[in-house]
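Enquirer: Quick one, start.cif (mmCIF, C-alpha atoms and all ligand atoms):
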```
data_entry
loop_
_atom_site.group_PDB
_atom_site.id
_atom_site.type_symbol
_atom_site.label_atom_id
_atom_site.label_comp_id
_atom_site.auth_asym_id
_atom_site.auth_seq_id
_atom_site.Cartn_x
_atom_site.Cartn_y
_atom_site.Cartn_z
ATOM 1 C CA MET J 1 -18.429 33.866 7.991
ATOM 2 C CA THR J 2 -19.274 31.219 5.418
ATOM 3 C CA THR J 3 -20.906 32.596 2.360
ATOM 4 C CA ARG J 4 -23.335 30.643 0.229
ATOM 5 C CA CYS J 5 -24.287 31.062 -3.380
ATOM 6 C CA GLY J 6 -26.126 29.186 -6.044
ATOM 7 C CA PHE J 7 -28.791 29.018 -8.704
ATOM 8 C CA VAL J 8 -32.452 28.600 -7.907
ATOM 9 C CA ALA J 9 -34.461 27.654 -10.980
ATOM 10 C CA LEU J 10 -38.142 28.523 -10.896
ATOM 11 C CA ILE J 11 -40.141 26.206 -13.081
ATOM 12 C CA GLY J 12 -43.835 25.701 -13.674
ATOM 13 C CA GLU J 13 -46.648 26.074 -16.143
ATOM 14 C CA PRO J 14 -47.055 29.337 -18.014
ATOM 15 C CA ASN J 15 -48.614 31.946 -15.707
ATOM 16 C CA ALA J 16 -47.690 30.127 -12.484
ATOM 17 C CA GLY J 17 -46.057 33.328 -11.207
ATOM 18 C CA LYS J 18 -42.371 32.597 -11.799
ATOM 19 C CA SER J 19 -41.513 36.077 -13.022
ATOM 20 C CA THR J 20 -43.573 37.711 -10.282
ATOM 21 C CA LEU J 21 -41.655 35.683 -7.685
ATOM 22 C CA THR J 22 -38.307 36.512 -9.290
ATOM 23 C CA ASN J 23 -39.077 40.221 -9.156
ATOM 24 C CA HIS J 24 -40.377 39.991 -5.617
ATOM 25 C CA MET J 25 -37.250 38.195 -4.417
ATOM 26 C CA VAL J 26 -34.919 40.603 -6.192
ATOM 27 C CA GLY J 27 -36.915 43.591 -5.039
ATOM 28 C CA ALA J 28 -36.956 45.116 -8.510
ATOM 29 C CA LYS J 29 -38.497 44.345 -11.825
ATOM 30 C CA VAL J 30 -35.962 42.278 -13.728
ATOM 31 C CA SER J 31 -38.409 40.036 -15.537
ATOM 32 C CA ILE J 32 -41.503 41.148 -17.373
ATOM 33 C CA VAL J 33 -44.908 40.039 -16.119
ATOM 34 C CA THR J 34 -48.242 40.041 -17.880
ATOM 35 C CA HIS J 35 -51.494 38.182 -17.450
ATOM 36 C CA LYS J 36 -50.859 36.459 -20.791
ATOM 37 C CA VAL J 37 -49.237 33.043 -20.977
ATOM 38 C CA GLN J 38 -45.703 32.580 -22.259
ATOM 39 C CA THR J 39 -44.536 36.083 -21.575
ATOM 40 C CA THR J 40 -41.064 35.029 -20.497
ATOM 41 C CA ARG J 41 -39.079 33.728 -23.430
ATOM 42 C CA ALA J 42 -35.554 33.262 -22.156
ATOM 43 C CA ARG J 43 -33.848 32.462 -18.899
ATOM 44 C CA ILE J 44 -33.572 35.576 -16.800
ATOM 45 C CA ARG J 45 -31.307 35.726 -13.817
ATOM 46 C CA GLY J 46 -32.229 37.903 -10.879
ATOM 47 C CA VAL J 47 -29.930 38.225 -7.896
ATOM 48 C CA ALA J 48 -31.022 38.535 -4.259
ATOM 49 C CA ILE J 49 -29.085 38.609 -1.022
ATOM 50 C CA GLU J 50 -30.214 37.003 2.215
ATOM 51 C CA GLY J 51 -27.742 37.282 5.072
ATOM 52 C CA GLU J 52 -24.509 35.688 3.899
ATOM 53 C CA ALA J 53 -26.142 33.996 0.936
ATOM 54 C CA GLN J 54 -26.442 35.196 -2.622
ATOM 55 C CA LEU J 55 -29.473 33.693 -4.317
ATOM 56 C CA VAL J 56 -29.430 33.680 -8.084
ATOM 57 C CA PHE J 57 -32.986 33.153 -9.275
ATOM 58 C CA VAL J 58 -33.351 31.708 -12.728
ATOM 59 C CA ASP J 59 -36.713 32.695 -14.114
ATOM 60 C CA THR J 60 -37.585 30.331 -16.922
ATOM 61 C CA PRO J 61 -40.170 30.239 -19.689
ATOM 62 C CA GLY J 62 -43.189 28.137 -18.788
ATOM 63 C CA LEU J 63 -43.267 24.415 -19.394
ATOM 64 C CA PHE J 64 -46.004 23.500 -21.825
ATOM 65 C CA ARG J 65 -46.570 21.387 -24.875
ATOM 66 C CA PRO J 66 -44.541 23.136 -27.587
ATOM 67 C CA ARG J 67 -45.897 23.635 -31.072
ATOM 68 C CA ARG J 68 -43.626 26.074 -32.849
ATOM 69 C CA ARG J 69 -39.861 26.265 -33.042
ATOM 70 C CA LEU J 70 -39.888 29.203 -30.641
ATOM 71 C CA ASP J 71 -41.986 27.190 -28.176
ATOM 72 C CA ARG J 72 -39.541 24.320 -28.341
ATOM 73 C CA ALA J 73 -36.572 26.609 -27.744
ATOM 74 C CA MET J 74 -38.387 28.155 -24.758
ATOM 75 C CA VAL J 75 -39.229 24.807 -23.183
ATOM 76 C CA ALA J 76 -35.660 23.609 -23.774
ATOM 77 C CA ALA J 77 -34.379 26.750 -22.026
ATOM 78 C CA ALA J 78 -36.684 26.076 -19.083
ATOM 79 C CA TRP J 79 -35.575 22.475 -18.565
ATOM 80 C CA GLY J 80 -31.974 23.522 -19.189
ATOM 81 C CA GLY J 81 -32.318 26.109 -16.428
ATOM 82 C CA ALA J 82 -33.564 23.415 -14.075
ATOM 83 C CA ALA J 83 -30.800 21.002 -15.001
ATOM 84 C CA ASP J 84 -28.113 23.609 -14.266
ATOM 85 C CA ALA J 85 -29.548 24.751 -10.946
ATOM 86 C CA ASP J 86 -28.572 23.919 -7.387
ATOM 87 C CA ILE J 87 -32.167 24.062 -6.268
ATOM 88 C CA ILE J 88 -35.325 23.704 -8.329
ATOM 89 C CA VAL J 89 -38.545 25.295 -7.142
ATOM 90 C CA LEU J 90 -41.710 24.088 -8.815
ATOM 91 C CA LEU J 91 -44.502 26.640 -8.784
ATOM 92 C CA VAL J 92 -48.050 25.337 -8.895
ATOM 93 C CA GLU J 93 -51.105 27.572 -8.946
ATOM 94 C CA ALA J 94 -53.235 26.961 -5.858
ATOM 95 C CA HIS J 95 -56.566 27.502 -7.561
ATOM 96 C CA ARG J 96 -55.772 25.357 -10.589
ATOM 97 C CA GLY J 97 -54.263 22.411 -8.779
ATOM 98 C CA ILE J 98 -52.800 19.391 -10.515
ATOM 99 C CA THR J 99 -53.539 20.076 -14.138
ATOM 100 C CA GLU J 100 -52.433 17.931 -17.048
ATOM 101 C CA GLY J 101 -49.540 20.349 -17.478
ATOM 102 C CA VAL J 102 -48.449 19.898 -13.861
ATOM 103 C CA GLU J 103 -48.624 16.111 -14.317
ATOM 104 C CA LYS J 104 -46.285 16.416 -17.299
ATOM 105 C CA ILE J 105 -43.834 18.543 -15.329
ATOM 106 C CA LEU J 106 -43.827 16.011 -12.494
ATOM 107 C CA GLU J 107 -42.941 13.344 -15.053
ATOM 108 C CA GLY J 108 -40.067 15.495 -16.299
ATOM 109 C CA LEU J 109 -38.900 16.119 -12.747
ATOM 110 C CA ALA J 110 -38.633 12.398 -12.104
ATOM 111 C CA ASP J 111 -35.690 12.579 -14.471
ATOM 112 C CA ILE J 112 -34.246 16.115 -14.194
ATOM 113 C CA GLY J 113 -34.794 16.271 -10.435
ATOM 114 C CA LYS J 114 -32.677 13.198 -9.712
ATOM 115 C CA GLY J 115 -29.956 13.984 -7.207
ATOM 116 C CA ARG J 116 -31.146 17.597 -6.892
ATOM 117 C CA THR J 117 -32.976 19.499 -4.232
ATOM 118 C CA VAL J 118 -36.478 20.192 -5.452
ATOM 119 C CA ALA J 119 -38.939 22.279 -3.475
ATOM 120 C CA LEU J 120 -42.613 22.932 -4.060
ATOM 121 C CA ALA J 121 -44.124 26.394 -3.900
ATOM 122 C CA ILE J 122 -47.889 26.540 -4.119
ATOM 123 C CA ASN J 123 -48.496 30.056 -5.392
ATOM 124 C CA LYS J 124 -51.512 32.385 -5.455
ATOM 125 C CA ILE J 125 -52.726 31.213 -2.069
ATOM 126 C CA ASP J 126 -54.687 34.467 -1.918
ATOM 127 C CA ARG J 127 -57.115 32.810 -4.322
ATOM 128 C CA VAL J 128 -58.130 29.737 -2.296
ATOM 129 C CA GLU J 129 -59.273 28.600 1.140
ATOM 130 C CA ALA J 130 -56.968 26.752 3.526
ATOM 131 C CA PRO J 131 -58.524 23.256 3.210
ATOM 132 C CA THR J 132 -58.054 23.270 -0.583
ATOM 133 C CA LEU J 133 -54.452 24.220 -0.058
ATOM 134 C CA LEU J 134 -53.707 21.431 2.372
ATOM 135 C CA ALA J 135 -55.315 18.836 0.122
ATOM 136 C CA LEU J 136 -53.299 20.063 -2.845
ATOM 137 C CA SER J 137 -50.067 20.031 -0.885
ATOM 138 C CA LYS J 138 -50.783 16.489 0.247
ATOM 139 C CA SER J 139 -51.473 15.099 -3.214
ATOM 140 C CA LEU J 140 -48.463 16.841 -4.751
ATOM 141 C CA ASN J 141 -46.207 15.446 -2.061
ATOM 142 C CA GLU J 142 -47.598 11.983 -2.714
ATOM 143 C CA ARG J 143 -46.496 12.297 -6.309
ATOM 144 C CA TYR J 144 -43.032 13.675 -5.773
ATOM 145 C CA ALA J 145 -40.579 13.676 -2.871
ATOM 146 C CA PHE J 146 -40.224 17.445 -2.469
ATOM 147 C CA ALA J 147 -37.539 18.517 -0.034
ATOM 148 C CA GLU J 148 -39.860 21.205 1.325
ATOM 149 C CA THR J 149 -43.266 22.726 0.607
ATOM 150 C CA PHE J 150 -44.081 26.429 0.763
ATOM 151 C CA MET J 151 -47.437 28.172 0.465
ATOM 152 C CA ILE J 152 -46.924 31.571 -1.040
ATOM 153 C CA SER J 153 -48.407 34.528 -2.766
ATOM 154 C CA ALA J 154 -45.678 35.919 -4.987
ATOM 155 C CA GLU J 155 -47.789 38.964 -5.700
ATOM 156 C CA LYS J 156 -48.674 39.845 -2.127
ATOM 157 C CA GLY J 157 -45.428 38.573 -0.635
ATOM 158 C CA HIS J 158 -47.069 36.065 1.694
ATOM 159 C CA GLY J 159 -44.851 33.167 2.710
ATOM 160 C CA THR J 160 -41.990 34.295 0.536
ATOM 161 C CA GLY J 161 -39.790 35.144 3.524
ATOM 162 C CA ALA J 162 -39.783 31.521 4.677
ATOM 163 C CA LEU J 163 -38.918 30.341 1.175
ATOM 164 C CA ARG J 164 -36.112 32.842 0.926
ATOM 165 C CA GLN J 165 -34.730 31.861 4.314
ATOM 166 C CA TRP J 166 -34.785 28.180 3.444
ATOM 167 C CA LEU J 167 -33.081 28.802 0.100
ATOM 168 C CA ALA J 168 -30.362 30.829 1.809
ATOM 169 C CA GLU J 169 -29.691 27.983 4.234
ATOM 170 C CA THR J 170 -29.845 25.249 1.638
ATOM 171 C CA LEU J 171 -27.672 26.645 -1.158
ATOM 172 C CA PRO J 172 -24.116 25.272 -1.278
ATOM 173 C CA GLU J 173 -21.286 27.069 0.444
ATOM 174 C CA GLY J 174 -19.194 29.159 -1.877
ATOM 175 C CA PRO J 175 -18.176 32.646 -2.891
ATOM 176 C CA TRP J 176 -20.702 35.062 -4.353
ATOM 177 C CA LEU J 177 -20.876 35.067 -8.112
ATOM 178 C CA TYR J 178 -22.029 38.643 -8.603
ATOM 179 C CA PRO J 179 -21.070 41.999 -7.138
ATOM 180 C CA GLU J 180 -23.284 43.002 -4.228
ATOM 181 C CA ASP J 181 -25.151 45.669 -6.181
ATOM 182 C CA GLN J 182 -25.930 43.625 -9.270
ATOM 183 C CA ILE J 183 -29.560 42.577 -9.499
ATOM 184 C CA ALA J 184 -29.814 41.039 -12.932
ATOM 185 C CA ASP J 185 -27.635 39.125 -15.282
ATOM 186 C CA LEU J 186 -29.026 40.177 -18.585
ATOM 187 C CA PRO J 187 -27.520 42.690 -20.972
ATOM 188 C CA LEU J 188 -29.134 46.120 -20.680
ATOM 189 C CA ARG J 189 -30.069 46.095 -24.346
ATOM 190 C CA MET J 190 -32.076 42.945 -23.737
ATOM 191 C CA ILE J 191 -33.774 44.350 -20.653
ATOM 192 C CA ALA J 192 -34.698 47.382 -22.732
ATOM 193 C CA ALA J 193 -36.174 45.176 -25.450
ATOM 194 C CA GLU J 194 -38.099 43.165 -22.865
ATOM 195 C CA ILE J 195 -39.649 46.311 -21.405
ATOM 196 C CA THR J 196 -40.957 47.327 -24.818
ATOM 197 C CA ARG J 197 -42.213 43.799 -25.459
ATOM 198 C CA GLU J 198 -44.096 43.903 -22.161
ATOM 199 C CA LYS J 199 -45.856 47.139 -23.078
ATOM 200 C CA LEU J 200 -46.793 45.709 -26.469
ATOM 201 C CA THR J 201 -48.037 42.474 -24.927
ATOM 202 C CA LEU J 202 -50.245 44.339 -22.475
ATOM 203 C CA ARG J 203 -51.780 46.432 -25.234
ATOM 204 C CA LEU J 204 -52.261 43.948 -28.052
ATOM 205 C CA HIS J 205 -54.890 41.274 -28.232
ATOM 206 C CA GLN J 206 -54.921 37.546 -28.691
ATOM 207 C CA GLU J 207 -52.148 35.982 -30.718
ATOM 208 C CA LEU J 208 -50.234 39.050 -31.813
ATOM 209 C CA PRO J 209 -47.847 39.241 -28.828
ATOM 210 C CA TYR J 210 -46.644 35.724 -29.633
ATOM 211 C CA GLN J 211 -45.893 36.690 -33.197
ATOM 212 C CA LEU J 212 -43.611 39.599 -32.544
ATOM 213 C CA THR J 213 -40.184 40.128 -31.140
ATOM 214 C CA VAL J 214 -38.323 43.248 -30.079
ATOM 215 C CA GLU J 215 -34.618 43.912 -30.506
ATOM 216 C CA THR J 216 -32.439 46.793 -29.418
ATOM 217 C CA GLU J 217 -30.474 47.836 -32.469
ATOM 218 C CA THR J 218 -28.425 50.735 -31.214
ATOM 219 C CA TRP J 219 -27.637 52.170 -27.820
ATOM 220 C CA GLU J 220 -25.841 55.432 -27.759
ATOM 221 C CA GLU J 221 -24.581 57.165 -24.636
ATOM 222 C CA ARG J 222 -25.113 60.896 -24.981
ATOM 223 C CA LYS J 223 -22.828 63.552 -23.545
ATOM 224 C CA ASP J 224 -25.685 64.973 -21.471
ATOM 225 C CA GLY J 225 -25.990 61.631 -19.635
ATOM 226 C CA SER J 226 -29.041 60.419 -21.509
ATOM 227 C CA ALA J 227 -29.240 57.311 -23.673
ATOM 228 C CA ARG J 228 -30.478 57.159 -27.230
ATOM 229 C CA ILE J 229 -31.995 53.755 -27.910
ATOM 230 C CA GLU J 230 -33.299 52.430 -31.205
ATOM 231 C CA GLN J 231 -35.402 49.322 -31.267
ATOM 232 C CA VAL J 232 -37.013 47.240 -33.962
ATOM 233 C CA ILE J 233 -40.283 45.397 -33.543
ATOM 234 C CA TYR J 234 -40.358 42.434 -35.911
ATOM 235 C CA VAL J 235 -43.774 41.243 -37.003
ATOM 236 C CA MET J 236 -44.825 38.588 -39.463
ATOM 237 C CA ARG J 237 -47.414 40.363 -41.566
ATOM 238 C CA ASP J 238 -48.250 43.765 -42.990
ATOM 239 C CA GLY J 239 -51.556 43.684 -41.146
ATOM 240 C CA HIS J 240 -49.715 43.279 -37.854
ATOM 241 C CA LYS J 241 -47.630 46.318 -38.599
ATOM 242 C CA GLY J 242 -50.789 48.358 -39.037
ATOM 243 C CA ILE J 243 -52.185 47.126 -35.722
ATOM 244 C CA ILE J 244 -49.008 47.996 -33.869
ATOM 245 C CA LEU J 245 -48.833 51.452 -35.377
ATOM 246 C CA GLY J 246 -52.514 52.050 -34.663
ATOM 247 C CA LYS J 247 -54.681 54.873 -35.952
ATOM 248 C CA LYS J 248 -52.401 57.809 -36.761
ATOM 249 C CA GLY J 249 -49.605 55.960 -34.974
ATOM 250 C CA GLU J 250 -51.431 56.190 -31.645
ATOM 251 C CA THR J 251 -50.655 52.682 -30.453
ATOM 252 C CA ILE J 252 -46.946 52.767 -31.032
ATOM 253 C CA LYS J 253 -46.764 56.246 -29.558
ATOM 254 C CA ALA J 254 -48.420 55.072 -26.349
ATOM 255 C CA VAL J 255 -46.219 51.977 -26.150
ATOM 256 C CA SER J 256 -43.136 54.057 -26.730
ATOM 257 C CA THR J 257 -44.047 56.507 -23.958
ATOM 258 C CA GLN J 258 -44.746 53.711 -21.468
ATOM 259 C CA ALA J 259 -41.548 51.852 -22.329
ATOM 260 C CA ARG J 260 -39.465 55.005 -22.159
ATOM 261 C CA THR J 261 -40.879 55.984 -18.771
ATOM 262 C CA GLU J 262 -40.078 52.570 -17.333
ATOM 263 C CA LEU J 263 -36.616 52.520 -18.887
ATOM 264 C CA GLU J 264 -35.847 55.907 -17.407
ATOM 265 C CA GLU J 265 -36.910 54.645 -14.022
ATOM 266 C CA PHE J 266 -34.809 51.504 -14.407
ATOM 267 C CA LEU J 267 -31.706 53.321 -15.622
ATOM 268 C CA GLY J 268 -32.167 56.390 -13.485
ATOM 269 C CA ARG J 269 -31.606 58.774 -16.363
ATOM 270 C CA ARG J 270 -33.220 60.226 -19.434
ATOM 271 C CA VAL J 271 -33.894 58.045 -22.438
ATOM 272 C CA HIS J 272 -34.732 58.853 -26.036
ATOM 273 C CA LEU J 273 -36.494 55.814 -27.419
ATOM 274 C CA PHE J 274 -37.111 55.222 -31.112
ATOM 275 C CA LEU J 275 -39.301 52.336 -32.222
ATOM 276 C CA GLN J 276 -39.568 51.004 -35.734
ATOM 277 C CA VAL J 277 -41.786 48.186 -37.009
ATOM 278 C CA LYS J 278 -40.424 45.796 -39.610
ATOM 279 C CA VAL J 279 -42.290 43.044 -41.390
ATOM 280 C CA ARG J 280 -40.312 39.839 -41.421
ATOM 281 C CA PRO J 281 -42.540 36.883 -42.315
ATOM 282 C CA ASN J 282 -39.910 34.355 -41.324
ATOM 283 C CA TRP J 283 -38.463 35.730 -38.111
ATOM 284 C CA LEU J 284 -39.555 32.652 -36.184
ATOM 285 C CA GLU J 285 -37.161 30.608 -38.292
ATOM 286 C CA GLU J 286 -34.147 32.935 -38.112
ATOM 287 C CA SER J 287 -31.325 31.899 -35.809
ATOM 288 C CA GLU J 288 -30.265 35.506 -35.217
ATOM 289 C CA ARG J 289 -33.619 36.338 -33.625
ATOM 290 C CA TYR J 290 -33.095 33.490 -31.166
ATOM 291 C CA SER J 291 -29.611 34.516 -30.146
ATOM 292 C CA GLU J 292 -30.902 38.052 -29.542
ATOM 293 C CA MET J 293 -33.418 36.542 -27.122
ATOM 294 C CA GLY J 294 -30.759 34.416 -25.468
ATOM 295 C CA LEU J 295 -32.225 31.185 -26.774
ATOM 296 C CA ASP J 296 -30.550 28.292 -28.568
ATOM 297 C CA PHE J 297 -31.443 27.790 -32.176
ATOM 298 C CA LYS J 298 -30.906 24.185 -33.060
ATOM 299 C CA ASP J 299 -31.764 21.956 -35.930
ATOM 300 C CA GLY J 300 -34.840 20.141 -34.849
ATOM 301 C CA ASN J 301 -35.704 22.788 -32.292
HETATM 302 N N1 LIG N 1 -53.685 36.428 -7.383
HETATM 303 C C1 LIG N 1 -52.392 36.260 -7.615
HETATM 304 N N2 LIG N 1 -51.903 36.483 -8.855
HETATM 305 C C2 LIG N 1 -50.584 36.287 -9.069
HETATM 306 C C3 LIG N 1 -49.701 35.863 -8.027
HETATM 307 N N3 LIG N 1 -48.466 35.737 -8.552
HETATM 308 C C4 LIG N 1 -48.567 36.070 -9.867
HETATM 309 N N4 LIG N 1 -49.834 36.410 -10.188
HETATM 310 C C5 LIG N 1 -50.341 36.857 -11.508
HETATM 311 O O1 LIG N 1 -50.266 35.786 -12.428
HETATM 312 C C6 LIG N 1 -49.983 36.255 -13.755
HETATM 313 C C7 LIG N 1 -48.778 35.550 -14.325
HETATM 314 O O2 LIG N 1 -47.632 35.924 -13.589
HETATM 315 P P1 LIG N 1 -46.170 35.743 -14.186
HETATM 316 O O3 LIG N 1 -45.223 36.052 -13.092
HETATM 317 O O4 LIG N 1 -46.010 36.464 -15.480
HETATM 318 O O5 LIG N 1 -46.168 34.167 -14.467
HETATM 319 P P2 LIG N 1 -45.057 33.285 -15.219
HETATM 320 O O6 LIG N 1 -45.590 33.021 -16.583
HETATM 321 O O7 LIG N 1 -44.955 32.016 -14.414
HETATM 322 O O8 LIG N 1 -43.779 34.058 -15.221
HETATM 323 C C8 LIG N 1 -49.801 37.759 -13.629
HETATM 324 O O9 LIG N 1 -50.998 38.387 -14.000
HETATM 325 C C9 LIG N 1 -49.508 37.950 -12.146
HETATM 326 O O10 LIG N 1 -49.869 39.225 -11.688
HETATM 327 C C10 LIG N 1 -50.250 35.674 -6.703
HETATM 328 O O11 LIG N 1 -49.585 35.331 -5.748
HETATM 329 N N5 LIG N 1 -51.602 35.877 -6.580
HETATM 330 MG MG MG N 2 -42.683 34.622 -16.782
#
```
Just dump the structure as structure tokens.
Ligand SMILES: Nc1nc2c(ncn2[C@@H]2O[C@H](COP(=O)(O)OP(=O)(O)O)[C@@H](O)[C@H]2O)c(=O)[nH]1
Ligand SMILES: [Mg+2]
Expert:
Amino acid sequence: MTTRCGFVALIGEPNAGKSTLTNHMVGAKVSIVTHKVQTTRARIRGVAIEGEAQLVFVDTPGLFRPRRRLDRAMVAAAWGGAADADIIVLLVEAHRGITEGVEKILEGLADIGKGRTVALAINKIDRVEAPTLLALSKSLNERYAFAETFMISAEKGHGTGALRQWLAETLPEGPWLYPEDQIADLPLRMIAAEITREKLTLRLHQELPYQLTVETETWEERKDGSARIEQVIYVMRDGHKGIILGKKGETIKAVSTQARTELEEFLGRRVHLFLQVKVRPNWLEESERYSEMGLDFKDGN
């Protein structure tokens, strides 16, 4: 039997559904998902198996016009993920169509996509009627020579089987890169930090989620089989610390419980989670914070 293996980079605007599709394909939550834009900060690899093929999905941060250093590092990681992939899948939201952001990505693809297989996945088809979908598919294909077009709902799992099948057939021949039972290529400490960041993002309003970062500081394996995990939430201002703690520490307590429950489910064992909030006005300019997130920190980033 010939095996196949390769990287499938999912790119698109923030909120297109890249992380939802990654999780759906892997069959487990390896990438955090929220309704807020720019939830995914780094490249997250999720592994799926289809017949003799191992599909390594590269979930990327959204492509958007960057303002801050962190934004620039995220966008660079997204394009870098595409440039390193065997197949690029562009996700476009069915109900939003060809936005200015999508236009910009198509421009970028003209360059990065050269000599690569690029497919189009129109996502969230549960939100539109068929005629809209066909018109959108037609105009996107007029703008770029996609190898294939798929109409999917990452959330409901519609059309994703066909995409998966096509990817499995199209990836290059080669040995599998990961053991059969591995579903993610991200250190556990980072997955743990991402879970806490997701719970914070879901709970906090407006800009605050974009101004904080979570790091796992210590991870101790206990004799009784449980894990003791200490994490730090870095925020930029004293006021933010107060918001995260909440009245009588209610907010952080709730976040901690939710994160711990999900971690226990993910790890399949008991977890003792300790969260601490630290004010660090300049964390967005500290290279160490970026390496903890798996992002490059460069001069001029
Ligand atoms: N209606 C609908 N919503 C979806 C679908 N796929 C993703 N979403 C939602 O879109 C939002 C953004 O999804 P996410 O995967 O985080 O997008 P990303 O920023 O591209 O990674 C979340 O609220 C998802 O639940 C879909 O097929 N249909
Ligand atoms: Mg995402």
Enquirer: Could you give me the centre and size, in Å to one decimal, of an axis-aligned box around all listed atoms of region 17-30 of chain J with 6 Å added on every side, as JSON?
Expert:
```
{"center_x": -40.5, "center_y": 38.9, "center_z": -9.1, "size_x": 23.1, "size_y": 24.5, "size_z": 21.3}
```
Enquirer: Between CA of Asp71 (chain J) and CA of Glu285 (chain J), what distance in Å does the model show, to one decimal?
Expert: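 Answer for the CA of Asp71 (chain J) to CA of Glu285 (chain J) separation: 11.7 Å.
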Enquirer: Excluding Val37 (chain J) and its own-chain neighbours fewer than 6 positions away, which residues fall within 12 Å of it when counting all atoms listed in the file? Please give them as a PyMOL selection string.
Expert: chain J and resi 12-19+61-64+71+201-202+206-207+209-210
Enquirer: By how many Å are CA of Leu140 (chain J) and atom O9 of ligand LIG 1 (chain N) apart?
Expert: 23.6 Å
Enquirer: Selected by the PyMOL selection byres (((chain J and resi 181-189) around 6) and not hetatm) in the shown coordinates: which residues, as a ChimeraX atom specification?
Expert: /J:45-47,179-180,190-192,216
Enquirer: If the PyMOL selection byres (((not hetatm)) within 9 of (chain N and resi 1)) were run on this exact file, what residues would it hold? Put them as a ChimeraX atom specification.
Expert: /J:10-23,31-40,59-62,91,93,123-127,152-158
Enquirer: Measure the distance from CA of Lys278 (chain J) to CA of Ala227 (chain J) in Å and round it to one decimal.
Expert: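 Distance between the two atoms: 22.6 Å.
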Enquirer: Show which residues sit within 9 Å of Met293 (chain J), as a PyMOL selection string. Count all atoms listed in the file, and ignore same-chain residues fewer than 6 positions away.
Expert: chain J and resi 41-42+190+213-215
Enquirer: Tell me, as number ranges by chain, which residues lie within 8 Å of Ile195 (chain J), counting only C-alpha atoms; anything in the same chain fewer than 2 positions away does not count.
Expert: J: 32, 191-193, 197-199, 259, 262-263
